[in-house]
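Data block for coords-v3.cif (mmCIF, C-alpha atoms and all ligand atoms):
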data_run
#
loop_
_atom_site.group_PDB
_atom_site.id
_atom_site.type_symbol
_atom_site.label_atom_id
_atom_site.label_comp_id
_atom_site.auth_asym_id
_atom_site.auth_seq_id
_atom_site.Cartn_x
_atom_site.Cartn_y
_atom_site.Cartn_z
ATOM 1 C CA MET A 277 0.000 0.000 0.000
ATOM 2 C CA ILE A 278 2.017 2.946 -1.288
ATOM 3 C CA TRP A 279 0.747 6.397 -2.221
ATOM 4 C CA ASP A 280 2.613 8.204 -5.007
ATOM 5 C CA THR A 281 1.574 11.710 -3.964
ATOM 6 C CA HIS A 282 2.891 13.474 -7.069
ATOM 7 C CA ALA A 283 2.786 12.010 -10.577
ATOM 8 C CA HIS A 284 1.944 13.793 -13.831
ATOM 9 C CA LEU A 285 0.074 10.879 -15.357
ATOM 10 C CA ASP A 286 -1.678 13.299 -17.695
ATOM 11 C CA ASP A 287 1.672 13.889 -19.449
ATOM 12 C CA GLU A 288 1.633 12.968 -23.125
ATOM 13 C CA ARG A 289 4.596 10.638 -22.510
ATOM 14 C CA TYR A 290 2.103 8.137 -21.018
ATOM 15 C CA ARG A 291 -0.426 8.284 -23.811
ATOM 16 C CA ARG A 292 1.004 5.307 -25.670
ATOM 17 C CA ASP A 293 1.227 2.825 -22.765
ATOM 18 C CA PHE A 294 -1.017 4.287 -20.048
ATOM 19 C CA ALA A 295 -2.658 0.942 -19.178
ATOM 20 C CA GLU A 296 0.740 -0.754 -18.756
ATOM 21 C CA VAL A 297 1.993 2.091 -16.541
ATOM 22 C CA LEU A 298 -1.036 1.669 -14.260
ATOM 23 C CA ALA A 299 -0.671 -2.124 -14.275
ATOM 24 C CA ARG A 300 2.981 -1.873 -13.226
ATOM 25 C CA ALA A 301 2.016 0.581 -10.473
ATOM 26 C CA LYS A 302 -0.628 -1.801 -9.133
ATOM 27 C CA GLY A 303 1.799 -4.713 -9.416
ATOM 28 C CA SER A 304 4.308 -2.777 -7.279
ATOM 29 C CA GLY A 305 1.805 -2.091 -4.503
ATOM 30 C CA ILE A 306 0.899 1.484 -5.417
ATOM 31 C CA SER A 307 -2.684 1.890 -4.248
ATOM 32 C CA ARG A 308 -3.141 5.638 -4.781
ATOM 33 C CA ILE A 309 -1.760 8.284 -7.121
ATOM 34 C CA LEU A 310 -2.178 12.047 -6.835
ATOM 35 C CA ASN A 311 -1.950 13.862 -10.157
ATOM 36 C CA PRO A 312 -1.273 17.595 -9.737
ATOM 37 C CA GLY A 313 -1.917 20.226 -12.386
ATOM 38 C CA TYR A 314 0.630 22.782 -13.604
ATOM 39 C CA ASP A 315 -1.570 24.865 -15.925
ATOM 40 C CA LEU A 316 -5.275 25.028 -16.778
ATOM 41 C CA GLU A 317 -5.115 22.268 -19.405
ATOM 42 C CA SER A 318 -3.225 19.832 -17.157
ATOM 43 C CA SER A 319 -5.571 20.625 -14.261
ATOM 44 C CA ARG A 320 -8.531 19.695 -16.485
ATOM 45 C CA ARG A 321 -6.763 16.494 -17.532
ATOM 46 C CA ALA A 322 -5.933 15.623 -13.893
ATOM 47 C CA VAL A 323 -9.603 16.011 -12.924
ATOM 48 C CA ALA A 324 -10.686 13.899 -15.902
ATOM 49 C CA LEU A 325 -8.303 11.091 -14.874
ATOM 50 C CA ALA A 326 -9.521 11.258 -11.271
ATOM 51 C CA ARG A 327 -13.117 10.946 -12.488
ATOM 52 C CA GLU A 328 -12.244 7.905 -14.541
ATOM 53 C CA TYR A 329 -9.965 5.951 -12.171
ATOM 54 C CA PRO A 330 -10.933 5.283 -8.537
ATOM 55 C CA PHE A 331 -7.302 5.229 -7.313
ATOM 56 C CA ILE A 332 -6.300 8.520 -8.991
ATOM 57 C CA TRP A 333 -6.825 11.846 -7.164
ATOM 58 C CA ALA A 334 -6.243 15.319 -8.523
ATOM 59 C CA ALA A 335 -4.877 18.729 -7.608
ATOM 60 C CA VAL A 336 -5.427 21.866 -9.669
ATOM 61 C CA GLY A 337 -3.183 24.900 -10.003
ATOM 62 C CA ILE A 338 -0.796 27.023 -12.035
ATOM 63 C CA HIS A 339 2.942 26.294 -11.826
ATOM 64 C CA PRO A 340 5.279 29.319 -11.530
ATOM 65 C CA HIS A 341 6.529 28.630 -15.078
ATOM 66 C CA ASP A 342 3.029 29.353 -16.386
ATOM 67 C CA ALA A 343 2.099 32.120 -13.959
ATOM 68 C CA GLY A 344 2.404 34.828 -16.608
ATOM 69 C CA GLY A 345 -0.436 33.536 -18.754
ATOM 70 C CA ALA A 346 -3.067 33.207 -16.032
ATOM 71 C CA GLY A 347 -5.960 35.675 -16.145
ATOM 72 C CA GLN A 348 -9.301 35.901 -14.365
ATOM 73 C CA ALA A 349 -10.946 33.282 -16.597
ATOM 74 C CA THR A 350 -8.224 30.803 -15.568
ATOM 75 C CA TRP A 351 -8.686 31.471 -11.865
ATOM 76 C CA ASP A 352 -12.474 31.154 -12.226
ATOM 77 C CA GLU A 353 -12.223 27.790 -13.925
ATOM 78 C CA LEU A 354 -9.719 26.494 -11.352
ATOM 79 C CA VAL A 355 -12.080 27.532 -8.565
ATOM 80 C CA SER A 356 -14.839 25.510 -10.153
ATOM 81 C CA LEU A 357 -12.549 22.498 -10.821
ATOM 82 C CA ALA A 358 -11.429 22.655 -7.177
ATOM 83 C CA GLN A 359 -14.988 21.849 -6.104
ATOM 84 C CA GLU A 360 -14.806 18.450 -7.800
ATOM 85 C CA GLU A 361 -15.211 15.491 -5.464
ATOM 86 C CA LYS A 362 -11.733 14.087 -6.112
ATOM 87 C CA VAL A 363 -9.697 17.274 -6.039
ATOM 88 C CA VAL A 364 -7.781 17.060 -2.750
ATOM 89 C CA ALA A 365 -5.234 19.883 -3.077
ATOM 90 C CA TRP A 366 -4.291 23.075 -4.872
ATOM 91 C CA GLY A 367 -1.049 22.685 -6.823
ATOM 92 C CA GLU A 368 1.484 22.600 -7.911
ATOM 93 C CA ILE A 369 2.192 26.228 -7.138
ATOM 94 C CA GLY A 370 5.208 28.164 -5.902
ATOM 95 C CA LEU A 371 8.323 29.935 -7.117
ATOM 96 C CA ASP A 372 11.025 28.847 -9.553
ATOM 97 C CA TYR A 373 14.021 31.196 -9.681
ATOM 98 C CA TYR A 374 16.183 28.566 -11.352
ATOM 99 C CA ARG A 375 14.491 28.682 -14.729
ATOM 100 C CA ASP A 376 12.721 32.038 -14.263
ATOM 101 C CA LEU A 377 10.208 31.318 -17.033
ATOM 102 C CA SER A 378 7.849 33.978 -15.640
ATOM 103 C CA PRO A 379 8.995 37.297 -14.099
ATOM 104 C CA ARG A 380 9.530 36.895 -10.355
ATOM 105 C CA PHE A 381 6.898 39.417 -9.270
ATOM 106 C CA VAL A 382 4.356 37.631 -11.499
ATOM 107 C CA GLN A 383 5.276 34.281 -9.931
ATOM 108 C CA GLN A 384 4.841 35.780 -6.481
ATOM 109 C CA GLN A 385 1.450 37.282 -7.343
ATOM 110 C CA ALA A 386 0.186 33.987 -8.765
ATOM 111 C CA PHE A 387 1.492 32.094 -5.741
ATOM 112 C CA VAL A 388 -0.159 34.378 -3.187
ATOM 113 C CA ASN A 389 -3.376 34.477 -5.200
ATOM 114 C CA GLN A 390 -3.525 30.671 -5.219
ATOM 115 C CA ILE A 391 -2.840 30.361 -1.493
ATOM 116 C CA GLU A 392 -5.924 32.541 -0.990
ATOM 117 C CA LEU A 393 -7.964 30.477 -3.460
ATOM 118 C CA ALA A 394 -6.884 27.232 -1.758
ATOM 119 C CA ASN A 395 -7.840 28.664 1.630
ATOM 120 C CA ALA A 396 -11.260 29.638 0.292
ATOM 121 C CA ALA A 397 -11.709 26.188 -1.261
ATOM 122 C CA GLY A 398 -10.685 24.442 1.975
ATOM 123 C CA LEU A 399 -7.734 22.704 0.304
ATOM 124 C CA PRO A 400 -4.078 22.167 1.263
ATOM 125 C CA ILE A 401 -1.395 23.349 -1.181
ATOM 126 C CA ILE A 402 1.388 21.491 -3.017
ATOM 127 C CA ILE A 403 4.519 23.600 -3.363
ATOM 128 C CA HIS A 404 7.146 23.662 -6.088
ATOM 129 C CA ASN A 405 10.193 25.613 -4.924
ATOM 130 C CA ARG A 406 13.443 25.978 -6.809
ATOM 131 C CA ASP A 407 16.154 28.402 -5.639
ATOM 132 C CA ALA A 408 13.548 30.709 -4.063
ATOM 133 C CA HIS A 409 13.867 29.612 -0.434
ATOM 134 C CA GLN A 410 13.847 33.036 1.228
ATOM 135 C CA ASP A 411 10.969 34.494 -0.784
ATOM 136 C CA ILE A 412 8.799 31.405 -0.472
ATOM 137 C CA LEU A 413 9.267 31.287 3.295
ATOM 138 C CA ARG A 414 8.471 34.997 3.603
ATOM 139 C CA LEU A 415 5.301 34.692 1.484
ATOM 140 C CA LEU A 416 4.126 31.601 3.379
ATOM 141 C CA LYS A 417 4.501 33.447 6.670
ATOM 142 C CA GLN A 418 2.562 36.444 5.317
ATOM 143 C CA HIS A 419 -0.134 34.312 3.647
ATOM 144 C CA ARG A 420 -0.659 31.164 5.697
ATOM 145 C CA PRO A 421 -2.069 28.103 3.964
ATOM 146 C CA GLU A 422 -4.982 27.394 6.289
ATOM 147 C CA HIS A 423 -5.449 23.766 5.281
ATOM 148 C CA GLY A 424 -1.849 22.626 5.274
ATOM 149 C CA CYS A 425 1.014 22.419 2.872
ATOM 150 C CA VAL A 426 3.538 19.978 1.409
ATOM 151 C CA PHE A 427 6.839 20.834 -0.273
ATOM 152 C CA HIS A 428 7.112 18.386 -3.126
ATOM 153 C CA VAL A 429 10.569 16.886 -3.807
ATOM 154 C CA TYR A 430 11.902 19.109 -1.058
ATOM 155 C CA SER A 431 15.375 20.303 -2.075
ATOM 156 C CA GLY A 432 16.277 22.862 0.579
ATOM 157 C CA SER A 433 18.526 22.706 3.622
ATOM 158 C CA TRP A 434 17.756 21.077 6.956
ATOM 159 C CA GLU A 435 17.789 24.594 8.464
ATOM 160 C CA MET A 436 14.895 25.670 6.241
ATOM 161 C CA ALA A 437 13.171 22.301 6.717
ATOM 162 C CA LYS A 438 13.048 22.934 10.462
ATOM 163 C CA GLU A 439 11.270 26.253 9.849
ATOM 164 C CA LEU A 440 8.747 24.538 7.561
ATOM 165 C CA LEU A 441 8.154 21.754 10.069
ATOM 166 C CA ASN A 442 7.576 24.372 12.772
ATOM 167 C CA LEU A 443 4.883 25.873 10.559
ATOM 168 C CA GLY A 444 3.217 22.444 10.464
ATOM 169 C CA PHE A 445 4.144 21.647 6.858
ATOM 170 C CA TYR A 446 4.968 18.283 5.277
ATOM 171 C CA LEU A 447 8.017 17.334 3.187
ATOM 172 C CA SER A 448 7.817 14.941 0.266
ATOM 173 C CA PHE A 449 10.736 12.870 -1.041
ATOM 174 C CA GLY A 450 11.282 11.668 -4.594
ATOM 175 C CA GLY A 451 13.961 10.192 -6.842
ATOM 176 C CA PRO A 452 16.734 12.622 -5.830
ATOM 177 C CA LEU A 453 16.880 10.918 -2.418
ATOM 178 C CA THR A 454 18.409 7.909 -4.216
ATOM 179 C CA TYR A 455 21.131 9.946 -5.952
ATOM 180 C CA LYS A 456 24.704 9.674 -4.735
ATOM 181 C CA ASN A 457 25.159 13.446 -4.429
ATOM 182 C CA ALA A 458 21.986 13.894 -2.318
ATOM 183 C CA ARG A 459 23.865 14.992 0.805
ATOM 184 C CA GLN A 460 21.514 17.831 1.765
ATOM 185 C CA THR A 461 18.366 15.789 1.069
ATOM 186 C CA LEU A 462 19.837 12.904 3.061
ATOM 187 C CA GLU A 463 20.255 15.182 6.072
ATOM 188 C CA VAL A 464 16.628 16.317 5.735
ATOM 189 C CA ALA A 465 15.407 12.718 5.453
ATOM 190 C CA GLN A 466 17.356 11.790 8.572
ATOM 191 C CA GLY A 467 15.834 14.646 10.526
ATOM 192 C CA VAL A 468 12.230 14.665 9.325
ATOM 193 C CA PRO A 469 9.779 13.407 11.979
ATOM 194 C CA MET A 470 7.876 10.180 11.260
ATOM 195 C CA ASP A 471 4.581 12.041 10.975
ATOM 196 C CA ARG A 472 5.691 14.611 8.383
ATOM 197 C CA PHE A 473 7.024 12.827 5.303
ATOM 198 C CA MET A 474 5.452 11.605 2.080
ATOM 199 C CA VAL A 475 6.813 9.869 -1.011
ATOM 200 C CA GLU A 476 6.340 10.619 -4.689
ATOM 201 C CA THR A 477 7.844 10.152 -8.126
ATOM 202 C CA ASP A 478 7.153 13.478 -9.890
ATOM 203 C CA SER A 479 6.721 11.247 -12.946
ATOM 204 C CA PRO A 480 7.770 11.513 -15.713
ATOM 205 C CA TYR A 481 10.701 13.423 -14.175
ATOM 206 C CA LEU A 482 13.330 12.693 -11.507
ATOM 207 C CA THR A 483 13.618 8.939 -12.027
ATOM 208 C CA PRO A 484 15.249 7.226 -9.023
ATOM 209 C CA GLU A 485 18.374 5.091 -9.182
ATOM 210 C CA PRO A 486 19.009 2.558 -10.679
ATOM 211 C CA TYR A 487 16.642 3.587 -13.516
ATOM 212 C CA ARG A 488 17.801 7.170 -13.781
ATOM 213 C CA SER A 489 18.157 7.366 -17.567
ATOM 214 C CA GLN A 490 14.577 6.148 -18.164
ATOM 215 C CA ARG A 491 11.182 7.840 -18.069
ATOM 216 C CA ASN A 492 9.856 7.813 -14.516
ATOM 217 C CA GLU A 493 6.521 6.219 -13.535
ATOM 218 C CA PRO A 494 4.590 5.594 -10.291
ATOM 219 C CA ALA A 495 5.894 2.007 -9.850
ATOM 220 C CA ARG A 496 9.337 3.535 -9.235
ATOM 221 C CA VAL A 497 8.209 5.163 -5.998
ATOM 222 C CA VAL A 498 9.190 1.831 -4.439
ATOM 223 C CA GLU A 499 12.860 2.855 -4.824
ATOM 224 C CA VAL A 500 12.217 6.043 -2.851
ATOM 225 C CA VAL A 501 10.451 4.096 -0.093
ATOM 226 C CA LYS A 502 13.352 1.609 0.081
ATOM 227 C CA ARG A 503 15.927 4.384 0.401
ATOM 228 C CA LEU A 504 13.897 6.202 3.036
ATOM 229 C CA ALA A 505 13.518 2.931 4.971
ATOM 230 C CA GLU A 506 17.322 2.507 4.956
ATOM 231 C CA ILE A 507 17.836 6.068 6.178
ATOM 232 C CA LYS A 508 15.192 5.796 8.891
ATOM 233 C CA GLY A 509 16.223 2.285 9.968
ATOM 234 C CA LEU A 510 12.688 0.982 9.409
ATOM 235 C CA GLU A 511 11.137 -1.817 7.389
ATOM 236 C CA VAL A 512 9.908 -0.904 3.892
ATOM 237 C CA PRO A 513 6.200 -1.601 4.639
ATOM 238 C CA GLU A 514 6.423 0.565 7.764
ATOM 239 C CA VAL A 515 7.728 3.548 5.774
ATOM 240 C CA ALA A 516 5.039 2.997 3.125
ATOM 241 C CA ARG A 517 2.362 2.946 5.831
ATOM 242 C CA LEU A 518 3.659 6.099 7.539
ATOM 243 C CA ALA A 519 3.894 7.968 4.223
ATOM 244 C CA LEU A 520 0.328 6.943 3.364
ATOM 245 C CA GLU A 521 -1.019 7.977 6.771
ATOM 246 C CA ASN A 522 0.780 11.323 6.522
ATOM 247 C CA GLY A 523 -0.741 11.835 3.079
ATOM 248 C CA GLU A 524 -4.162 11.083 4.528
ATOM 249 C CA ALA A 525 -3.599 13.579 7.325
ATOM 250 C CA LEU A 526 -2.924 16.344 4.803
ATOM 251 C CA PHE A 527 -5.187 15.346 1.885
ATOM 252 C CA GLY A 528 -8.015 14.357 4.216
ATOM 253 C CA LYS A 529 -10.692 14.283 1.554
ATOM 254 C CA ALA A 530 -9.018 11.349 -0.201
ATOM 255 C CA CYS A 531 -8.967 9.468 3.076
ATOM 256 C CA ALA A 532 -12.638 10.105 3.809
ATOM 257 C CA ALA A 533 -13.663 8.933 0.344
ATOM 258 C CA GLY A 534 -11.824 5.602 0.652
HETATM 259 ZN ZN ZN B 601 5.399 18.166 -10.492
#
The structure in this file should be written as structure tokens.
Amino acid sequence: MIWDTHAHLDDERYRRDFAEVLARAKGSGISRILNPGYDLESSRRAVALAREYPFIWAAVGIHPHDAGGAGQATWDELVSLAQEEKVVAWGEIGLDYYRDLSPRFVQQQAFVNQIELANAAGLPIIIHNRDAHQDILRLLKQHRPEHGCVFHVYSGSWEMAKELLNLGFYLSFGGPLTYKNARQTLEVAQGVPMDRFMVETDSPYLTPEPYRSQRNEPARVVEVVKRLAEIKGLEVPEVARLALENGEALFGKACAAG
């Protein structure tokens, strides 16, 4: 029973062999998948997948890369998508100063706007953060997510992690935890409390070792769970159970609906 809490199954790279990808996930013990949106189109696709498959759940939101193109019509449609039964979070949203595909002030506006929309919708948020640690922390303190928050594939320092944990947030681990140069992430994984971590793939990106050159898919979340179990000194099923329970604590709607 493993929950891949972040997989872009709506990506066109799965169109050709979608059924096989799901079969391999089921065969590897993945019982739930959360598909976040990154723009309006992908949010619509995530909701459509969640409607069709009982074990798929959705989040809706505009990624910082696409923040520039979002106008009122986009926000209105996201608000209505967010009311769907199987939408359990708002995301992925945040700041990306590594690629800077939208101007920084536009990214910040879209981020704050979506925290407010998530609060109004009663949903937790899923955060994408790349090289924007100080600004994201400042904005989160000024505009609190009222229904919780997870940093997906958390890549910051243990110092920042402690601040996030103090705010009650969750940290999610993905493929990079299995990489040899993951010193900082390793330190975070060692320190994170048992009731605050989740696991994910971020498929089709960030494939874990030893499959790193291939397209990622939800079945590979097993590698992340194995690595986390090693680091925590726990059995693999125990880590899977904790990660699932932590996911349920944050994305409560999914839990209530079975
Ligand atoms: Zn993602």
If you count all atoms listed in the file, which residues end up within 7 Å of ligand ZN 601 (chain B), as a ChimeraX atom specification? /A:282-284,312,368,478
Let me know the residues the PyMOL selection byres (((chain A and resi 496-505) around 9) and not hetatm) catches in the file above, as a compact mmCIF listing (two decimals) with C-alpha atoms, keeping the file's coordinate frame.
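Just written: expr.txt:
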# COMPACT_ATOMS: atom_id res chain seq x y z
CA ILE A 278 2.02 2.95 -1.29
CA TRP A 279 0.75 6.40 -2.22
CA ASP A 280 2.61 8.20 -5.01
CA ALA A 301 2.02 0.58 -10.47
CA SER A 304 4.31 -2.78 -7.28
CA GLY A 305 1.80 -2.09 -4.50
CA ILE A 306 0.90 1.48 -5.42
CA PHE A 449 10.74 12.87 -1.04
CA GLY A 450 11.28 11.67 -4.59
CA GLY A 451 13.96 10.19 -6.84
CA PRO A 452 16.73 12.62 -5.83
CA LEU A 453 16.88 10.92 -2.42
CA THR A 454 18.41 7.91 -4.22
CA LEU A 462 19.84 12.90 3.06
CA ALA A 465 15.41 12.72 5.45
CA GLN A 466 17.36 11.79 8.57
CA VAL A 475 6.81 9.87 -1.01
CA GLU A 476 6.34 10.62 -4.69
CA THR A 477 7.84 10.15 -8.13
CA SER A 479 6.72 11.25 -12.95
CA THR A 483 13.62 8.94 -12.03
CA PRO A 484 15.25 7.23 -9.02
CA GLU A 485 18.37 5.09 -9.18
CA PRO A 486 19.01 2.56 -10.68
CA TYR A 487 16.64 3.59 -13.52
CA ASN A 492 9.86 7.81 -14.52
CA GLU A 493 6.52 6.22 -13.54
CA PRO A 494 4.59 5.59 -10.29
CA ALA A 495 5.89 2.01 -9.85
CA GLU A 506 17.32 2.51 4.96
CA ILE A 507 17.84 6.07 6.18
CA LYS A 508 15.19 5.80 8.89
CA GLY A 509 16.22 2.28 9.97
CA LEU A 510 12.69 0.98 9.41
CA GLU A 511 11.14 -1.82 7.39
CA VAL A 512 9.91 -0.90 3.89
CA PRO A 513 6.20 -1.60 4.64
CA GLU A 514 6.42 0.56 7.76
CA VAL A 515 7.73 3.55 5.77
CA ALA A 516 5.04 3.00 3.12
CA ALA A 519 3.89 7.97 4.22
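Using only C-alpha atoms, the shortest contact distance between Val323 of chain A and any of A:Val363, A:Leu285, A:Leu416, A:Leu377 is found at A:Val363.
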Residues within 6 Å of segment 333-350 of chain A, please, as an MDAnalysis selection string. Count only C-alpha atoms; anything in the same chain fewer than 3 positions from it doesn't count. chainID A and resid 310:315 319 322:323 326 353 362:371 377:378 383 386
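What separates atom CA of Arg406 of chain A from atom CA of Gln359 of chain A is a distance of 28.7 Å.
A straight line drawn from atom CA of Leu325 of chain A to atom CA of Tyr446 of chain A is 25.2 Å long.
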What is the distance between atom CA of Glu392 of chain A and atom CA of Ser448 of chain A, in Å to one decimal? 22.4 Å
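Nearest residue to Met474 of chain A, choosing from A:His419, A:Asp287, A:Thr281, A:Gln384 and counting all atoms listed in the file: A:Thr281.
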Edge lengths and centre, in Å to one decimal, as JSON: that's what I need for the box along x, y and z that holds all listed atoms of segment 340-352 of chain A plus 3 Å on each side.
{"center_x": -3.0, "center_y": 32.3, "center_z": -15.1, "size_x": 25.0, "size_y": 13.3, "size_z": 13.2}
Applied to this file, what does the PyMOL selection byres (((chain A and resi 401) around 7) and not hetatm) return in terms of residues, put as an mmCIF file with C-alpha atoms, in the frame of the given file?
data_model
loop_
_atom_site.group_PDB
_atom_site.id
_atom_site.type_symbol
_atom_site.label_atom_id
_atom_site.label_comp_id
_atom_site.auth_asym_id
_atom_site.auth_seq_id
_atom_site.Cartn_x
_atom_site.Cartn_y
_atom_site.Cartn_z
ATOM 1 C CA ALA A 365 -5.234 19.883 -3.077
ATOM 2 C CA TRP A 366 -4.291 23.075 -4.872
ATOM 3 C CA GLY A 367 -1.049 22.685 -6.823
ATOM 4 C CA ALA A 394 -6.884 27.232 -1.758
ATOM 5 C CA LEU A 399 -7.734 22.704 0.304
ATOM 6 C CA PRO A 400 -4.078 22.167 1.263
ATOM 7 C CA ILE A 402 1.388 21.491 -3.017
ATOM 8 C CA ILE A 403 4.519 23.600 -3.363
ATOM 9 C CA GLY A 424 -1.849 22.626 5.274
ATOM 10 C CA CYS A 425 1.014 22.419 2.872
ATOM 11 C CA VAL A 426 3.538 19.978 1.409
#
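Remark: for Gly467 of chain A, the closest of the candidate residues A:Glu422, A:Ala299, A:Phe294, A:Leu447 is A:Leu447 (distances computed over all atoms listed in the file).
With all atoms listed in the file as the basis for measurement, A:Leu354 is the residue among A:Leu354, A:His423, A:Leu413, A:Ala324 that approaches Gln390 of chain A most closely.
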Can you list, as a PyMOL selection string, the residues that the PyMOL selection byres (((chain A and resi 433) around 9) and not hetatm) selects here? chain A and resi 430-432+434-438+460-461+463-464
Residues within 12 Å of Gln418 of chain A, all atoms listed in the file, excluding chain neighbours under 3 positions, as an mmCIF file with C-alpha atoms, in the coordinates of the input:
data_model
loop_
_atom_site.group_PDB
_atom_site.id
_atom_site.type_symbol
_atom_site.label_atom_id
_atom_site.label_comp_id
_atom_site.auth_asym_id
_atom_site.auth_seq_id
_atom_site.Cartn_x
_atom_site.Cartn_y
_atom_site.Cartn_z
ATOM 1 C CA PHE A 387 1.492 32.094 -5.741
ATOM 2 C CA VAL A 388 -0.159 34.378 -3.187
ATOM 3 C CA ILE A 391 -2.840 30.361 -1.493
ATOM 4 C CA GLU A 392 -5.924 32.541 -0.990
ATOM 5 C CA ASP A 411 10.969 34.494 -0.784
ATOM 6 C CA ILE A 412 8.799 31.405 -0.472
ATOM 7 C CA LEU A 413 9.267 31.287 3.295
ATOM 8 C CA ARG A 414 8.471 34.997 3.603
ATOM 9 C CA LEU A 415 5.301 34.692 1.484
ATOM 10 C CA PRO A 421 -2.069 28.103 3.964
ATOM 11 C CA GLU A 422 -4.982 27.394 6.289
#
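Counting all atoms listed in the file and comparing A:Asp352, A:Gly303, A:Ala458, A:Leu298, the residue that lies closest to Pro330 of chain A is A:Leu298.
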